[in-house]
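Dumped upload.cif below, it's mmCIF, C-alpha atoms:
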data_query
loop_
_atom_site.group_PDB
_atom_site.id
_atom_site.type_symbol
_atom_site.label_atom_id
_atom_site.label_comp_id
_atom_site.auth_asym_id
_atom_site.auth_seq_id
_atom_site.Cartn_x
_atom_site.Cartn_y
_atom_site.Cartn_z
ATOM 1 C CA MET P 88 0.000 0.000 0.000
ATOM 2 C CA PRO P 89 1.521 3.364 -0.972
ATOM 3 C CA THR P 90 2.110 5.936 1.723
ATOM 4 C CA ARG P 91 -0.102 8.943 1.697
ATOM 5 C CA LYS P 92 1.499 12.377 1.844
ATOM 6 C CA SER P 93 -0.193 15.427 3.163
ATOM 7 C CA PRO P 94 -0.840 18.114 0.552
ATOM 8 C CA THR P 95 1.431 20.607 2.316
ATOM 9 C CA SER P 96 4.443 18.298 2.507
ATOM 10 C CA THR P 97 4.949 18.331 -1.280
ATOM 11 C CA GLU P 98 5.023 22.124 -1.440
ATOM 12 C CA LYS P 99 8.199 23.869 -0.406
ATOM 13 C CA LYS P 100 7.676 26.926 1.705
ATOM 14 C CA PRO P 101 10.334 29.605 1.989
ATOM 15 C CA THR P 102 11.633 30.008 5.508
ATOM 16 C CA THR P 103 13.005 33.181 6.910
ATOM 17 C CA ARG P 104 14.795 33.259 10.209
ATOM 18 C CA LYS P 105 15.811 36.272 12.172
ATOM 19 C CA ALA P 106 19.303 36.493 13.557
ATOM 20 C CA PRO P 107 19.452 36.071 17.345
ATOM 21 C CA VAL P 108 19.708 39.307 19.279
ATOM 22 C CA ARG P 109 22.701 39.546 21.578
ATOM 23 C CA LYS P 110 22.315 41.380 24.839
ATOM 24 C CA THR P 111 25.109 43.706 25.743
ATOM 25 C CA ALA P 112 26.222 44.644 29.214
ATOM 26 C CA SER P 113 24.807 48.136 28.825
ATOM 27 C CA ALA P 114 21.393 46.777 27.825
ATOM 28 C CA VAL P 115 21.049 44.764 31.031
ATOM 29 C CA ALA P 116 21.572 46.978 34.042
ATOM 30 C CA ALA P 117 21.870 45.554 37.523
ATOM 31 C CA PRO P 118 19.456 46.985 40.077
ATOM 32 C CA ALA P 119 20.981 49.466 42.463
ATOM 33 C CA VAL P 120 21.326 47.856 45.887
ATOM 34 C CA GLU P 121 22.941 49.469 48.880
ATOM 35 C CA PRO P 122 25.419 47.281 50.758
ATOM 36 C CA VAL P 123 24.204 46.274 54.206
ATOM 37 C CA PRO P 124 26.689 46.132 57.085
ATOM 38 C CA ILE P 125 27.225 42.594 58.326
ATOM 39 C CA ASP P 126 26.657 43.671 61.923
ATOM 40 C CA SER P 127 23.066 44.587 61.139
ATOM 41 C CA ILE P 128 22.155 41.196 59.681
ATOM 42 C CA ALA P 129 20.476 38.848 62.136
ATOM 43 C CA VAL P 130 21.988 35.405 61.652
ATOM 44 C CA ASP P 131 19.835 32.408 62.478
ATOM 45 C CA SER P 132 21.649 29.989 64.782
ATOM 46 C CA ALA P 133 20.735 27.016 62.578
ATOM 47 C CA ILE P 134 22.271 28.698 59.537
ATOM 48 C CA ALA P 135 25.311 29.857 61.466
ATOM 49 C CA LYS P 136 26.381 26.264 62.226
ATOM 50 C CA ARG P 137 29.251 25.157 60.049
ATOM 51 C CA THR P 138 28.789 22.044 57.946
ATOM 52 C CA PRO P 139 31.515 19.471 58.629
ATOM 53 C CA THR P 140 33.821 18.684 55.714
ATOM 54 C CA TYR P 141 34.314 15.268 54.146
ATOM 55 C CA GLU P 142 37.803 15.139 55.664
ATOM 56 C CA GLU P 143 36.525 15.798 59.206
ATOM 57 C CA ILE P 144 33.849 13.116 58.897
ATOM 58 C CA ALA P 145 36.371 10.623 57.515
ATOM 59 C CA VAL P 146 38.854 11.206 60.354
ATOM 60 C CA LEU P 147 36.185 10.787 63.040
ATOM 61 C CA ALA P 148 34.700 7.728 61.301
ATOM 62 C CA GLU P 149 38.144 6.108 61.258
ATOM 63 C CA GLN P 150 38.513 6.807 64.987
ATOM 64 C CA PHE P 151 35.157 5.146 65.659
ATOM 65 C CA TRP P 152 36.176 2.214 63.455
ATOM 66 C CA ASN P 153 39.423 1.788 65.421
ATOM 67 C CA GLU P 154 37.510 1.955 68.717
ATOM 68 C CA ARG P 155 35.223 -0.845 67.525
ATOM 69 C CA GLY P 156 38.238 -3.092 66.884
ATOM 70 C CA ARG P 157 38.437 -2.494 63.092
ATOM 71 C CA PRO P 158 35.736 -5.010 62.108
ATOM 72 C CA PHE P 159 35.295 -6.045 58.475
ATOM 73 C CA GLY P 160 32.300 -4.607 56.580
ATOM 74 C CA SER P 161 29.582 -2.061 57.330
ATOM 75 C CA PRO P 162 31.607 1.187 57.270
ATOM 76 C CA GLU P 163 28.307 3.087 57.085
ATOM 77 C CA ILE P 164 27.823 2.619 60.811
ATOM 78 C CA ASP P 165 30.952 4.588 61.659
ATOM 79 C CA TRP P 166 30.384 7.176 58.915
ATOM 80 C CA LEU P 167 26.799 7.917 59.982
ATOM 81 C CA ARG P 168 27.816 8.083 63.641
ATOM 82 C CA ALA P 169 30.595 10.546 62.764
ATOM 83 C CA GLU P 170 28.191 12.707 60.735
ATOM 84 C CA ALA P 171 25.651 12.739 63.565
ATOM 85 C CA THR P 172 28.339 13.608 66.114
ATOM 86 C CA LEU P 173 29.744 16.490 64.055
ATOM 87 C CA HIS P 174 26.328 17.887 63.140
ATOM 88 C CA ALA P 175 25.270 17.859 66.789
ATOM 89 C CA ALA P 176 28.359 19.783 67.849
#
Rewritten as C-alpha cells:
Amino acid sequence: MPTRKSPTSTEKKPTTRKAPVRKTASAVAAPAVEPVPIDSIAVDSAIAKRTPTYEEIAVLAEQFWNERGRPFGSPEIDWLRAEATLHAA
C-alpha cells in the first residue's frame, strides 16, 4: 500500500529566520542595591552552624572504626555516627 502524503508536505515553503539578538552589558543593568553592614544582619543559629567537611567526617569515622576493633564490613555505621556527632556539635 503506498504511503499517503499530506498536501502541504509536497510544497516547499520559503523560511526566513531572524538572527538572534545579543544582549550587551549596557542593555542589562543591575538593580541598584545598597550594601548592608554585616553587623546589622540577624543570623539564624541554625544557619550559622558550620557544615563538617568530608575530611573531618572521615577522620572521626576512622577513629570510631578503630575503637570498635576495626571489624570487616559495614563502614556506614561509623560514617553515619561521625556525621551525627559532628552535626550535633
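Contact shell of Leu167 (chain P) at 10 Å (all atoms listed in the file; same-chain neighbours under 6 positions omitted): P:Ile144, P:Ala148, P:Leu173.
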Report the residues retrieved by the PyMOL selection byres ((chain P and resi 147) around 9) from the displayed file, expressed as a VMD selection string. chain P and resid 142 to 146 148 to 152 165 to 166 168 to 170 172 to 173
With a distance cut-off of 10 Å and all atoms listed in the file, select the neighbouring residues of Ala176 (chain P), excluding the residue or stretch itself and same-chain residues fewer than 4 positions from it, and output the selection as a list in words. Lys136, Arg137, Pro139, Ala171 and Thr172 of chain P
Keeping only C-alpha atoms, take the residues you just selected and write them out as a tab-separated table (two decimals), in the coordinates of the input.
chain	number	residue	atom	x	y	z
P	136	LYS	CA	26.38	26.26	62.23
P	137	ARG	CA	29.25	25.16	60.05
P	139	PRO	CA	31.52	19.47	58.63
P	171	ALA	CA	25.65	12.74	63.56
P	172	THR	CA	28.34	13.61	66.11
